[in-house]
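*Asks:* Here it is: the structure, laid out below.
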Amino acid sequence: MTETFGPLSPALILILAGLILPLVKGPLRNALFLLAPVAALALVWALPLGPGLAVDWLGLNLVLIAPDNMARIFGTAFGIAAIAGALFGVTQPSATEKAAALLYAGAAQGIAFAGDLVTLFVFWEILAIGSTLVIWSNGHARAGLRYALIHVLGGVLLFAGISAEISGSGNVALHAMRADTIGRWLMLAGILVNAGALPLSAWVADAYPKASWSGAVFLSAFTTKAAVLVLIRLFPGEPALTWIGLAMAIYGLTYALLENDIRKLLSYSIVGQVGFMVVAVGIGSPLALAAAALHALAHILYKSLLMMAAGSILRATGETRLTALGGLARSMPFTAVAMLIGGFSLAALPLTAGFVSKSAILAALAEGQAGFYWFALTAVSAGSFLYIGLRLPWFALFGPGSAKVMAGSAPSMLAAMGLLCVLLVVPGCFPGLLERLVPEIAGVPILTADHILFQLQMLVAASCIFALLLPLLRPSAGSTLDFDWLWRELPRLAAPHWRRAWALFGKPVVGIWAETRGRWASFSQRSILLLGAAGNWRTGKIAIWATALLAIYVLIAAL
Amino acid sequence: MDRLRRLVLIALAVVLVLLVVADTFVTHHASFGIDGTPGFAARFSLVSAAIAVAVSYGWGLLMRRPGERADD
Amino acid sequence: MITHHLPVLLILAPLLGAILAALSRNGFAAWLIALVASALTAAIAVALLWRVQAEGVISYRLGGWAPELGIEYRVDAVNALIVLLVGVVALVTMIFARRSVLAEIIPERVAWFYTMMLLCIAGLLGMAVTGDAFNAFVFLEISSLSTYTLIALGRDRRALVAAYQYLIVGTIGATFYVIGVGLIYLVTGTLNLGLIVERLGAIESSRALIVAEAFIVAGIGLKLALFPLHAWLPNAYAYAPSSASVLLASTATKVAVYLLARFLFTVFGGDVGPGGIPIGAILIVLSVAAMFLASAAAVFQNDVKRILAFSSVGQIGYITLGLALVNPTGLTGGLLHLFNHALMKGAAFMAIGAIVLRAGTAKLDELSGIGRVMPWTVAALTVAGLGLIGVPGTSGFVSKYYLILGALEAGHGWLAILIVASSFIAVLYVGRFVEVMWFREPAQAARESREAPLEMLLPMWVLAGATIWFGLDAEGPAALARAAANALLKVAP
């Protein structure tokens with residue numbers, strides 16, 4: 001492949017396009033924004049499977065591009081998400097967001113095709129930078145900073161783990177391992193930060209809703225799923241992942257059921273769905289890994305679609321809180337259909353892509369005789385339908401209240417949503433298409449009578465519960481406390497107590513402190529003056545130093 | 001409970017019963033035994049959805065705070 | 001036949017060029033002569049490296065005299081690398097110099113400027129190839145004297161003071177060196193480095209040698225701006241004409257480092273010092289002090305040339321640290337950093353030279369937003385700055401990587417940490433000019449400027465491109481540096 005494509009990779013195309021984008025203007029910029037993801041997706045499929053492009057750098061054998069089937073599945077998912085996201089956001093005026101989005105998508109492709117730990121880490125960091133810029137470009141400096149700090153922490157953990165791994169085994173290649181050394185635990189922790197695992201999961205719902213109506217679409221697609229891919233590559237069958245994933249799924253369900261803000265609800269839902277994938281990775285059989293990848297693909301499609309619907313609502317009404325919305329089905333029928341298709345796909349309604357992927361995950365759990373996880377995830381799945389297929393549409397689209405629609409959706413936005421609707425429904429009706437992409441799922445029963453009936457009973461029974469317990473599910477303004485209370489509110493709450501304690505015990509310390517500080521200030525001022533004037537020495541001083549050095553040298557030598 | 005909701009609930013219950021009846025006529029491929037019994041999905045989903053609502057409602061009572069986060 | 005005389009032709013080309021340039025009296029003709037002479041020099045340097053790689057050590061006897069009586073030029077893997085560096089930098093500097101010199105030097109003196117540049121190159125190359133301690137002193141003087149003149153040609157009046165200071169300091173350094181060489185001659189009765197090494201083995205008392213080594217290290221330390229003997233350097237670089245700064249920053253201190261390495265390793269033995277003098281320890285302390293203090297001083301400068309000059313002192317600290325580690329990996333890192341630093345500092349001084357040409361100032365506070373109007377120039381400066389920090393993907397990272405490996409190999413984990421920590425100071429001073437030049441609103445000077453001419457951009461980007469290229473494809477220079485380090489430490493590769 002190196003002969004044909006050289007270093008050309010989907011990541012390179014997107015990152016270069018992202019860097020060039022701010023330099024061009026007008027239609028050219030939009031064309032670049034739209035075409036770069038298309039070229040990248042084409043390249044995902046044009047790169048022949050094989051050992052890929054390896055280079056030797058400082059004695060490390062780096063594999064910059066390693067096309068295998070897993071890379072192709074995730075490359076396809078990231079590619080489609082980038083194309084649809086670009087189409088949806090093409091009317092977004094912010095050049096920063098567009099450039100950052102391409103950078104971000106490129107980094108995700110880079111992770112998909114990375115063949116060694118160093119390359120992986122480089123793209124991992126570009127991913128963090130790109131996503132932070134996407135959030136920042138919407139003007140939420142504090143939220144962006146919190147997001148960046150969490151990812152710096154994740155990056156440091158991963159870096160420490162990779163360093164330990166390389167110095168321990170001398171091997172930089174990506175290979176399946178167990179978390180059996182401290183270094184590997186650090187690596188796993190770093191990856192899980194990006195996957196949105198507890199207890200640091202709160203960053204997802206904190207950061208994603210701060211992005212613009214178009215930026216959130218990109219955010220929902222890449223970071224967590226790239227982490228799932230890395231888990232598949234590095235830690236397949238790691239036992240700890242099953243309960244971590246289950247905790248994520250339950251957390252996502254509980255918080256999504258409570259949430260009032262649509263995009264925040266979708267963010268919690270991301271954590272929940274990624275939990276399904278993480279459980280599957282923890283099972284670790286070939287079918288389970290394939291199912292995790294397939295679920296990532298389907299999830300990227302329907303979550304992008306849902307984020308687009310939420311973005312359209314935000315753009316049209318300036319509002320994403322369920323308490324302030326309602327009755328949008330009449331004023332925004334197309335968006336309403338998109339939201340329903342996305343939601344039903346998440347809830348695994350037969351004839352959608354989500355049905356195929358969730359069936360594959362549950363089949364993998366059944367095959368592995370992981371009964372507890374099978375029943376638990378089936379239960380969570382029934383609950384998921386409550387928030388995404390019933391509660392969200394009911395209160396946003398049909399229920400009482402009518403939000404004022406101030407601006408219609410641009411045709412490009414409708415086209416993007418239409419594209420994703422088709423991509424969700426067609427493979428749902430013809431699962432054979434997905435079996436060609438992920439051959440491992442060929443034996444899974446999908447569109448069989450008992451399986452369809454099973455799923456329909458699940459959904460209808462959940463609907464009964466929804467109709468019965470509707471008053472308990474009514475959205476309320478406010479927020480749900482999460483782990484991020486520890487770093488967002490606790491310091492503020494602790495500050496007065498700290499000050500009181502300080503007033504009691506700190507007095508004597510203060511005097512010494514002030515004196516030290518005064519001395520330090522004058523010392524640092526003097527040193528700065530000295531350093532600034534360094535170089536304006538008298539010649540004699542230089543000569544003295546030279547003599548002194550000579551003397552010291554001789555003295556030491558003579559002793 | 002208003003009228004519309006009651007109607008919807010009755011309609012859904014009827015559909016569910018019909019689905020369970022239909023479920024008795026198909027061949028099941030159970031993985032764990034119990035999941036192959038007719039109408040298992042309906043029962044399981046009713047229970048788990050109710051538990052989900054109850055848990056999240058309870059969690060909301062404990063953890064839900066009015067107003068936005070202070071530093072947003 | 002002619003290949004046999006390569007070592008002497010290397011010196012003759014710039015030396016004859018200097019005479020012709022002086023006779024020509026015409027600025028453009030002198031430039032043309034300088035260009036041709038330095039192109040020849042570069043070509044000879046490449047040929048020499050090629051021959052050394054093919055045949056091993058080249059020994060050339062000047063006039064056919066035996067080493068006991070005459071002068072021997074001796075080229076091995078170490079100085080072949082230095083010669084290549086000087087030759088290539090000389091060539092790109094000459095290409096760059098024309099426009100810059102026209103703007104900065106009084107027309108009558110342009111021919112003299114090129115004469116001095118060529119003399120300086122000849123002196124530096126002579127120091128590099130000669131295998132004779134006293135001959136090295138002669139070449140040291142040739143390069144120093146021409147350097148004093150070059151600095152004094154700067155149009156700033158402070159250039160005179162700087163040149164005068166450097167003259168005094170340089171003379172002290174040269175005197176120390178020649179005293180050291182004299183002591184060695186007293187003990188061994190020869191000036192040829194190879195013979196000195198042979199005869200040192202038979203010396204009983206090492207007292208004279210210790211003093212000789214002290215004088216030589218202090219003397220060369222002055223020339224290479226070893227901290228704290230560096231104080232002449234910032235003013236000299238800052239007020240010299242821009243193209244002279246390029247040449248001096250990239251080559252002068254580097255050749256001095258080479259001479260130091262030659263004496264420390266080849267002459268006085270690999271364990272650095274007769275009688276087990278802990279000169280390694282002294283050198284480590286001074287190097288670390290340079291890495292931190294000189295870099296910190298760079299943060300507080302306003303003149304970009306002075307920032308770069310202080311940065312040079314700090315970066316020389318990394319190079320001497322590599323020497324002080326006395327193991328193959330560390331020495332490879334030191335020599336590699338010598339090479340890489342020369343390229344990136346050359347690019348940086350070229351960029352600031354182009355900025356001086358267009359904006360008429362090197363003061364940072366007057367250069368706000370200059371990146372908007374001179375994007376290519378400031379981009380080259382930024383690339384060089386990233387190299388100075390040691391960002392992965394630039395050659396600076398590769399050499400620091402080897403230095404860290406060398407420090408770990410020597411069992412000094414704390415040194416590895418200090419190398420990384422001191423790099424953050426570089427982040428400060430590089431970040432400062434990057435921020436001002438790219439992100440501030442354009443100031444008066446920036447609004448009236450435009451992009452530098454292509455003939456300056458090309459050589460600038462050759463060096464900046466090399467900084468990136470050698471950061472990605474690290475093997476080429478690393479192999480040369482490793483061969484040089486092995487030759488110095490006399491280990492079989």
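Simple scheme: letters A, B, ... for chains in structure tokens order, numbers from 1 for residues in each chain, numbers from 1 for ligands in the order shown.
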Write out as a list in words which residues come within 8 Å of Tyr318 of chain C when counting only C-alpha atoms, dropping same-chain ones fewer than 4 positions away.

*Replies:* Ser287, Val288, Met291, Gly314, Gly322, Gly334, His337, Leu403 and Ile419 of chain C

*Asks:* Give me, as a ChimeraX atom specification, the contact residues of chain A against chain B at a cut-off of 6 Å, counting only C-alpha atoms.

*Replies:* /A:254,366,379,382-383,450,454,457-458,461-462,464,467,478-481

*Asks:* Now that the selection is made, can you save its residues with N, CA, C and O atoms as an mmCIF file, in the first residue's frame?

*Replies:*
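Generated output (selection.cif):
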data_model
loop_
_atom_site.group_PDB
_atom_site.id
_atom_site.type_symbol
_atom_site.label_atom_id
_atom_site.label_comp_id
_atom_site.auth_asym_id
_atom_site.auth_seq_id
_atom_site.Cartn_x
_atom_site.Cartn_y
_atom_site.Cartn_z
ATOM 1 N N THR A 254 -30.228 6.489 34.327
ATOM 2 C CA THR A 254 -30.815 7.225 35.445
ATOM 3 C C THR A 254 -30.783 8.726 35.189
ATOM 4 O O THR A 254 -31.783 9.429 35.367
ATOM 5 N N ALA A 366 -25.155 -13.641 25.444
ATOM 6 C CA ALA A 366 -25.772 -14.956 25.580
ATOM 7 C C ALA A 366 -24.773 -16.047 25.235
ATOM 8 O O ALA A 366 -24.649 -17.046 25.953
ATOM 9 N N ALA A 379 -32.674 -5.019 30.664
ATOM 10 C CA ALA A 379 -33.492 -4.116 31.484
ATOM 11 C C ALA A 379 -33.160 -2.666 31.190
ATOM 12 O O ALA A 379 -34.047 -1.822 31.007
ATOM 13 N N ALA A 382 -34.701 -1.588 28.009
ATOM 14 C CA ALA A 382 -36.123 -1.238 28.123
ATOM 15 C C ALA A 382 -36.256 0.173 28.695
ATOM 16 O O ALA A 382 -37.081 0.978 28.229
ATOM 17 N N GLY A 383 -35.428 0.495 29.696
ATOM 18 C CA GLY A 383 -35.473 1.825 30.283
ATOM 19 C C GLY A 383 -35.062 2.902 29.288
ATOM 20 O O GLY A 383 -35.607 4.014 29.301
ATOM 21 N N ASP A 450 -39.469 -14.658 16.446
ATOM 22 C CA ASP A 450 -39.468 -14.605 17.912
ATOM 23 C C ASP A 450 -38.673 -13.411 18.414
ATOM 24 O O ASP A 450 -39.026 -12.779 19.415
ATOM 25 N N PHE A 454 -40.159 -10.421 20.567
ATOM 26 C CA PHE A 454 -39.511 -10.135 21.850
ATOM 27 C C PHE A 454 -39.304 -8.639 22.008
ATOM 28 O O PHE A 454 -39.699 -8.033 23.008
ATOM 29 N N GLN A 457 -42.574 -6.585 22.281
ATOM 30 C CA GLN A 457 -43.145 -6.674 23.630
ATOM 31 C C GLN A 457 -42.412 -5.756 24.592
ATOM 32 O O GLN A 457 -43.016 -5.067 25.419
ATOM 33 N N MET A 458 -41.080 -5.773 24.495
ATOM 34 C CA MET A 458 -40.282 -4.903 25.365
ATOM 35 C C MET A 458 -40.734 -3.452 25.217
ATOM 36 O O MET A 458 -40.977 -2.734 26.195
ATOM 37 N N ALA A 461 -44.409 -2.775 26.328
ATOM 38 C CA ALA A 461 -44.534 -2.839 27.788
ATOM 39 C C ALA A 461 -43.942 -1.582 28.417
ATOM 40 O O ALA A 461 -44.528 -1.004 29.338
ATOM 41 N N ALA A 462 -42.807 -1.138 27.894
ATOM 42 C CA ALA A 462 -42.207 0.085 28.413
ATOM 43 C C ALA A 462 -43.140 1.267 28.179
ATOM 44 O O ALA A 462 -43.269 2.156 29.037
ATOM 45 N N CYS A 464 -46.383 1.144 28.106
ATOM 46 C CA CYS A 464 -47.437 1.060 29.109
ATOM 47 C C CYS A 464 -46.986 1.719 30.401
ATOM 48 O O CYS A 464 -47.713 2.509 31.011
ATOM 49 N N ALA A 467 -47.022 5.443 30.042
ATOM 50 C CA ALA A 467 -48.353 6.045 30.148
ATOM 51 C C ALA A 467 -48.845 6.008 31.584
ATOM 52 O O ALA A 467 -49.478 6.961 32.069
ATOM 53 N N GLY A 478 -33.712 22.595 36.456
ATOM 54 C CA GLY A 478 -32.697 22.338 37.463
ATOM 55 C C GLY A 478 -31.632 21.411 36.940
ATOM 56 O O GLY A 478 -31.534 21.168 35.733
ATOM 57 N N SER A 479 -30.838 20.888 37.853
ATOM 58 C CA SER A 479 -29.750 20.018 37.437
ATOM 59 C C SER A 479 -29.613 18.902 38.466
ATOM 60 O O SER A 479 -30.035 19.039 39.610
ATOM 61 N N THR A 480 -29.043 17.790 38.015
ATOM 62 C CA THR A 480 -28.853 16.655 38.905
ATOM 63 C C THR A 480 -27.400 16.627 39.350
ATOM 64 O O THR A 480 -26.502 16.778 38.526
ATOM 65 N N LEU A 481 -27.206 16.460 40.646
ATOM 66 C CA LEU A 481 -25.829 16.418 41.143
ATOM 67 C C LEU A 481 -25.122 15.209 40.564
ATOM 68 O O LEU A 481 -25.680 14.127 40.455
#

*Asks:* Residues of chain C that have any atom at most 6 Å from an atom of chain A: could you tabulate them with the shortest-distance atom pair and the distance in Å to one decimal, using only C-alpha atoms, ordered by chain and increasing number, as a Markdown table?

*Replies:*
| residue | atom | partner | partner_atom | distance |
| --- | --- | --- | --- | --- |
| C:Gln165 | CA | A:Thr539 | CA | 5.9 |
| C:Ala214 | CA | A:Leu550 | CA | 5.7 |
| C:Ala218 | CA | A:Leu550 | CA | 5.9 |
| C:Ala231 | CA | A:Gly535 | CA | 4.5 |
| C:Pro234 | CA | A:Gly535 | CA | 5.6 |
| C:Ile277 | CA | A:Ala557 | CA | 5.4 |
| C:Ala297 | CA | A:Leu531 | CA | 4.5 |
| C:Phe300 | CA | A:Gly532 | CA | 5.0 |
| C:Gln301 | CA | A:Gly532 | CA | 5.8 |

*Asks:* Could you tell me how far atom CA of Gly189 of chain C sits from atom CA of Gly56 of chain C, in Å to one decimal place?

*Replies:*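 The value is 27.9 Å.
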
*Asks:* DSSP on the backbone, then: every residue of chain B marked alpha helix (DSSP H), written as a compact mmCIF listing (two decimals) with N, CA, C and O atoms, in the first residue's frame.

*Replies:*
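Final file, out.txt:
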# COMPACT_ATOMS: atom_id res chain seq x y z
N ARG B 3 -58.31 11.64 30.50
CA ARG B 3 -58.97 10.65 29.65
C ARG B 3 -58.05 10.12 28.55
O ARG B 3 -57.97 8.92 28.31
N LEU B 4 -57.35 11.03 27.92
CA LEU B 4 -56.49 10.64 26.80
C LEU B 4 -55.47 9.60 27.25
O LEU B 4 -55.27 8.57 26.60
N ARG B 5 -54.86 9.88 28.42
CA ARG B 5 -53.83 8.97 28.89
C ARG B 5 -54.42 7.59 29.16
O ARG B 5 -53.81 6.57 28.86
N ARG B 6 -55.64 7.61 29.77
CA ARG B 6 -56.27 6.32 30.08
C ARG B 6 -56.54 5.55 28.79
O ARG B 6 -56.27 4.35 28.71
N LEU B 7 -57.03 6.24 27.77
CA LEU B 7 -57.31 5.59 26.48
C LEU B 7 -56.04 4.99 25.89
O LEU B 7 -56.01 3.83 25.47
N VAL B 8 -54.99 5.80 25.89
CA VAL B 8 -53.71 5.32 25.34
C VAL B 8 -53.24 4.10 26.11
O VAL B 8 -52.81 3.10 25.52
N LEU B 9 -53.35 4.18 27.42
CA LEU B 9 -52.89 3.08 28.25
C LEU B 9 -53.65 1.80 27.93
O LEU B 9 -53.05 0.72 27.77
N ILE B 10 -54.99 1.93 27.80
CA ILE B 10 -55.81 0.75 27.48
C ILE B 10 -55.41 0.20 26.12
O ILE B 10 -55.20 -1.00 25.95
N ALA B 11 -55.22 1.09 25.15
CA ALA B 11 -54.86 0.64 23.79
C ALA B 11 -53.54 -0.10 23.83
O ALA B 11 -53.38 -1.18 23.25
N LEU B 12 -52.55 0.48 24.55
CA LEU B 12 -51.24 -0.16 24.64
C LEU B 12 -51.35 -1.52 25.30
O LEU B 12 -50.72 -2.50 24.88
N ALA B 13 -52.16 -1.60 26.36
CA ALA B 13 -52.32 -2.87 27.06
C ALA B 13 -52.91 -3.91 26.13
O ALA B 13 -52.46 -5.06 26.11
N VAL B 14 -53.88 -3.49 25.32
CA VAL B 14 -54.48 -4.44 24.37
C VAL B 14 -53.43 -4.93 23.39
O VAL B 14 -53.29 -6.13 23.14
N VAL B 15 -52.65 -3.99 22.85
CA VAL B 15 -51.59 -4.38 21.89
C VAL B 15 -50.63 -5.35 22.56
O VAL B 15 -50.23 -6.37 21.98
N LEU B 16 -50.28 -5.05 23.80
CA LEU B 16 -49.32 -5.90 24.51
C LEU B 16 -49.88 -7.31 24.67
O LEU B 16 -49.17 -8.29 24.43
N VAL B 17 -51.16 -7.40 25.06
CA VAL B 17 -51.78 -8.72 25.21
C VAL B 17 -51.76 -9.46 23.89
O VAL B 17 -51.40 -10.65 23.84
N LEU B 18 -52.07 -8.76 22.80
CA LEU B 18 -52.06 -9.41 21.49
C LEU B 18 -50.67 -9.93 21.16
O LEU B 18 -50.49 -11.03 20.66
N LEU B 19 -49.64 -9.11 21.48
CA LEU B 19 -48.26 -9.52 21.21
C LEU B 19 -47.90 -10.76 22.02
O LEU B 19 -47.25 -11.67 21.51
N VAL B 20 -48.34 -10.78 23.29
CA VAL B 20 -48.03 -11.94 24.12
C VAL B 20 -48.71 -13.18 23.57
O VAL B 20 -48.11 -14.27 23.52
N VAL B 21 -49.96 -13.00 23.12
CA VAL B 21 -50.66 -14.14 22.52
C VAL B 21 -49.91 -14.63 21.30
O VAL B 21 -49.66 -15.82 21.14
N ALA B 22 -49.49 -13.69 20.47
CA ALA B 22 -48.74 -14.08 19.26
C ALA B 22 -47.46 -14.79 19.66
O ALA B 22 -47.01 -15.73 18.99
N ASP B 23 -46.89 -14.36 20.77
CA ASP B 23 -45.60 -14.92 21.22
C ASP B 23 -45.72 -16.41 21.57
O ASP B 23 -44.73 -17.14 21.50
N PHE B 40 -42.25 -13.52 28.11
CA PHE B 40 -41.20 -13.14 29.06
C PHE B 40 -40.79 -11.69 28.86
O PHE B 40 -40.66 -10.93 29.82
N ALA B 41 -40.65 -11.30 27.58
CA ALA B 41 -40.17 -9.94 27.30
C ALA B 41 -41.12 -8.92 27.88
O ALA B 41 -40.70 -7.91 28.46
N ALA B 42 -42.44 -9.18 27.75
CA ALA B 42 -43.43 -8.23 28.26
C ALA B 42 -43.31 -8.08 29.75
O ALA B 42 -43.22 -6.97 30.29
N ARG B 43 -43.24 -9.23 30.45
CA ARG B 43 -43.16 -9.18 31.91
C ARG B 43 -41.88 -8.49 32.35
O ARG B 43 -41.87 -7.60 33.19
N PHE B 44 -40.78 -8.93 31.72
CA PHE B 44 -39.48 -8.41 32.12
C PHE B 44 -39.41 -6.91 31.89
O PHE B 44 -38.92 -6.14 32.72
N SER B 45 -39.94 -6.48 30.76
CA SER B 45 -39.88 -5.06 30.42
C SER B 45 -40.76 -4.23 31.35
O SER B 45 -40.35 -3.14 31.78
N LEU B 46 -41.95 -4.75 31.67
CA LEU B 46 -42.83 -4.02 32.60
C LEU B 46 -42.10 -3.79 33.92
O LEU B 46 -42.05 -2.67 34.43
N VAL B 47 -41.48 -4.85 34.42
CA VAL B 47 -40.81 -4.75 35.71
C VAL B 47 -39.61 -3.81 35.62
O VAL B 47 -39.44 -2.89 36.42
N SER B 48 -38.79 -4.02 34.60
CA SER B 48 -37.54 -3.25 34.57
C SER B 48 -37.82 -1.79 34.26
O SER B 48 -37.15 -0.90 34.83
N ALA B 49 -38.80 -1.50 33.39
CA ALA B 49 -39.11 -0.11 33.12
C ALA B 49 -39.64 0.57 34.38
O ALA B 49 -39.28 1.72 34.69
N ALA B 50 -40.48 -0.17 35.13
CA ALA B 50 -41.00 0.40 36.37
C ALA B 50 -39.87 0.67 37.35
O ALA B 50 -39.81 1.72 37.99
N ILE B 51 -38.94 -0.29 37.43
CA ILE B 51 -37.81 -0.10 38.34
C ILE B 51 -37.00 1.12 37.89
O ILE B 51 -36.59 1.96 38.71
N ALA B 52 -36.78 1.24 36.58
CA ALA B 52 -35.99 2.37 36.07
C ALA B 52 -36.63 3.68 36.46
O ALA B 52 -35.95 4.61 36.93
N VAL B 53 -37.94 3.76 36.28
CA VAL B 53 -38.63 5.00 36.64
C VAL B 53 -38.52 5.26 38.13
O VAL B 53 -38.19 6.37 38.57
N ALA B 54 -38.72 4.18 38.91
CA ALA B 54 -38.68 4.36 40.36
C ALA B 54 -37.31 4.79 40.82
O ALA B 54 -37.17 5.73 41.62
N VAL B 55 -36.27 4.14 40.29
CA VAL B 55 -34.91 4.47 40.71
C VAL B 55 -34.58 5.91 40.34
O VAL B 55 -34.07 6.68 41.16
N SER B 56 -34.89 6.27 39.11
CA SER B 56 -34.49 7.61 38.70
C SER B 56 -35.32 8.66 39.43
O SER B 56 -34.81 9.71 39.80
N TYR B 57 -36.59 8.32 39.70
CA TYR B 57 -37.41 9.28 40.46
C TYR B 57 -36.83 9.46 41.85
O TYR B 57 -36.66 10.58 42.34
N GLY B 58 -36.48 8.34 42.46
CA GLY B 58 -35.90 8.40 43.80
C GLY B 58 -34.59 9.17 43.78
O GLY B 58 -34.32 10.02 44.64
N TRP B 59 -33.76 8.87 42.82
CA TRP B 59 -32.47 9.56 42.68
C TRP B 59 -32.70 11.06 42.48
O TRP B 59 -31.97 11.90 43.02
N GLY B 60 -33.74 11.36 41.71
CA GLY B 60 -34.07 12.77 41.47
C GLY B 60 -34.47 13.47 42.76
O GLY B 60 -34.08 14.60 43.01
N LEU B 61 -35.25 12.77 43.60
CA LEU B 61 -35.63 13.36 44.89
C LEU B 61 -34.40 13.70 45.71
O LEU B 61 -34.34 14.72 46.39
N LEU B 62 -33.42 12.80 45.64
CA LEU B 62 -32.21 13.00 46.43
C LEU B 62 -31.28 14.05 45.83
O LEU B 62 -30.73 14.89 46.53
N MET B 63 -31.09 13.96 44.53
CA MET B 63 -29.98 14.66 43.90
C MET B 63 -30.38 15.81 43.00
O MET B 63 -29.52 16.52 42.49

*Asks:* Can you tell me, as a list in words, what residues are no more than 10 Å from Ala353 of chain A when counting only C-alpha atoms, ignoring any on the same chain fewer than 5 positions away?

*Replies:*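 Listed by chain and then number, they are Leu294, His295, Leu297, Ala298, His299, Leu301, Tyr302, Gly342, Phe344, Ser345, Leu346, Ala348, Lys358, Ser359, Leu423, Leu424, Val425, Val426, Pro427, Gly428, Cys429, Phe430, Pro431 and Leu434 of chain A.
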
*Asks:* Find the spatial neighbours of Trp394 of chain A, counting only C-alpha atoms, within a cut-off of 12 Å - ignore same-chain residues fewer than 5 positions away - and output them as a list of chain:residue names.

*Replies:*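 Result of the neighbour search: A:Leu322, A:Thr323, A:Leu325, A:Gly326, A:Gly327, A:Leu328, A:Ala329, A:Ala336, A:Met339, A:Leu340, A:Gly343, A:Leu386, A:Tyr387, A:Ile388, A:Gly389, A:Gly399, A:Pro400, A:Gly401, A:Ser463, A:Phe466, A:Ala467, A:Leu470, A:Leu473, A:Arg474, A:Pro475.
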
*Asks:* Can you tell me how far atom CA of Ser269 of chain A sits from atom CA of Gly252 of chain A, in Å to one decimal?

*Replies:*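 Atom CA of Gly252 of chain A lies at a distance of 5.2 Å from atom CA of Ser269 of chain A.
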
*Asks:* Pick out the residues sitting within 7 Å of segment 115-131 of chain A, and hand them over as a list in words; count only C-alpha atoms, and ignore anything fewer than 6 positions along from it in its own chain.

*Replies:* Leu62, Val63, Leu64, Ile65, Ala66, Ala100, Ala101, Leu103, Tyr104, Ala107, Ala108, His151, Gly155, Ile162, Val172, Ala173, Leu174 and Leu219 of chain A

*Asks:* Could you tell me which of C:Ser146, C:Val267, C:Phe96, C:Phe339 comes closest to Val246 of chain C if we count only C-alpha atoms?

*Replies:*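 Once distances to Val246 of chain C are computed over only C-alpha atoms, the minimum belongs to C:Phe96.
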
*Asks:* Could you work out how far atom CA of Gly89 of chain A lies from atom CA of Arg315 of chain A, giving the answer in Å with one decimal?

*Replies:*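 Distance reported for this atom pair: 11.3 Å.
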
*Asks:* Write out as a ChimeraX atom specification each polymer residue whose atoms come within 10 Å of Ile203 of chain C, counting only C-alpha atoms; drop sequence neighbours fewer than 5 positions from it.

*Replies:* /C:187-188,198,209

*Asks:* Which residues are close to Ala309 of chain C, i.e. within 7 Å by only C-alpha atoms, leaving aside same-chain residues fewer than 3 positions away? Reply as JSON, numbers by chain.

*Replies:* {"C": [233, 234, 237, 305, 306, 312, 313]}

*Asks:* For those residues, write N, CA and C atoms to a file as a CSV table (one decimal), in the first residue's frame.

*Replies:*
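Below is the file selection_34.csv, written as the result:
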chain,number,residue,atom,x,y,z
C,233,LEU,N,28.9,37.4,24.7
C,233,LEU,CA,28.2,36.9,23.5
C,233,LEU,C,26.9,37.7,23.1
C,234,PRO,N,26.0,38.0,24.1
C,234,PRO,CA,24.7,38.6,23.8
C,234,PRO,C,24.9,39.9,23.0
C,237,TYR,N,26.4,39.3,19.4
C,237,TYR,CA,25.4,38.8,18.4
C,237,TYR,C,24.3,39.8,18.1
C,305,LYS,N,17.1,39.7,18.9
C,305,LYS,CA,18.4,39.1,18.7
C,305,LYS,C,19.1,38.8,20.1
C,306,ARG,N,18.8,39.6,21.1
C,306,ARG,CA,19.4,39.2,22.4
C,306,ARG,C,18.7,38.0,23.0
C,312,SER,N,21.2,31.0,22.8
C,312,SER,CA,22.4,30.3,22.4
C,312,SER,C,23.2,29.8,23.6
C,313,VAL,N,23.4,30.7,24.5
C,313,VAL,CA,24.2,30.4,25.7
C,313,VAL,C,23.6,29.2,26.4
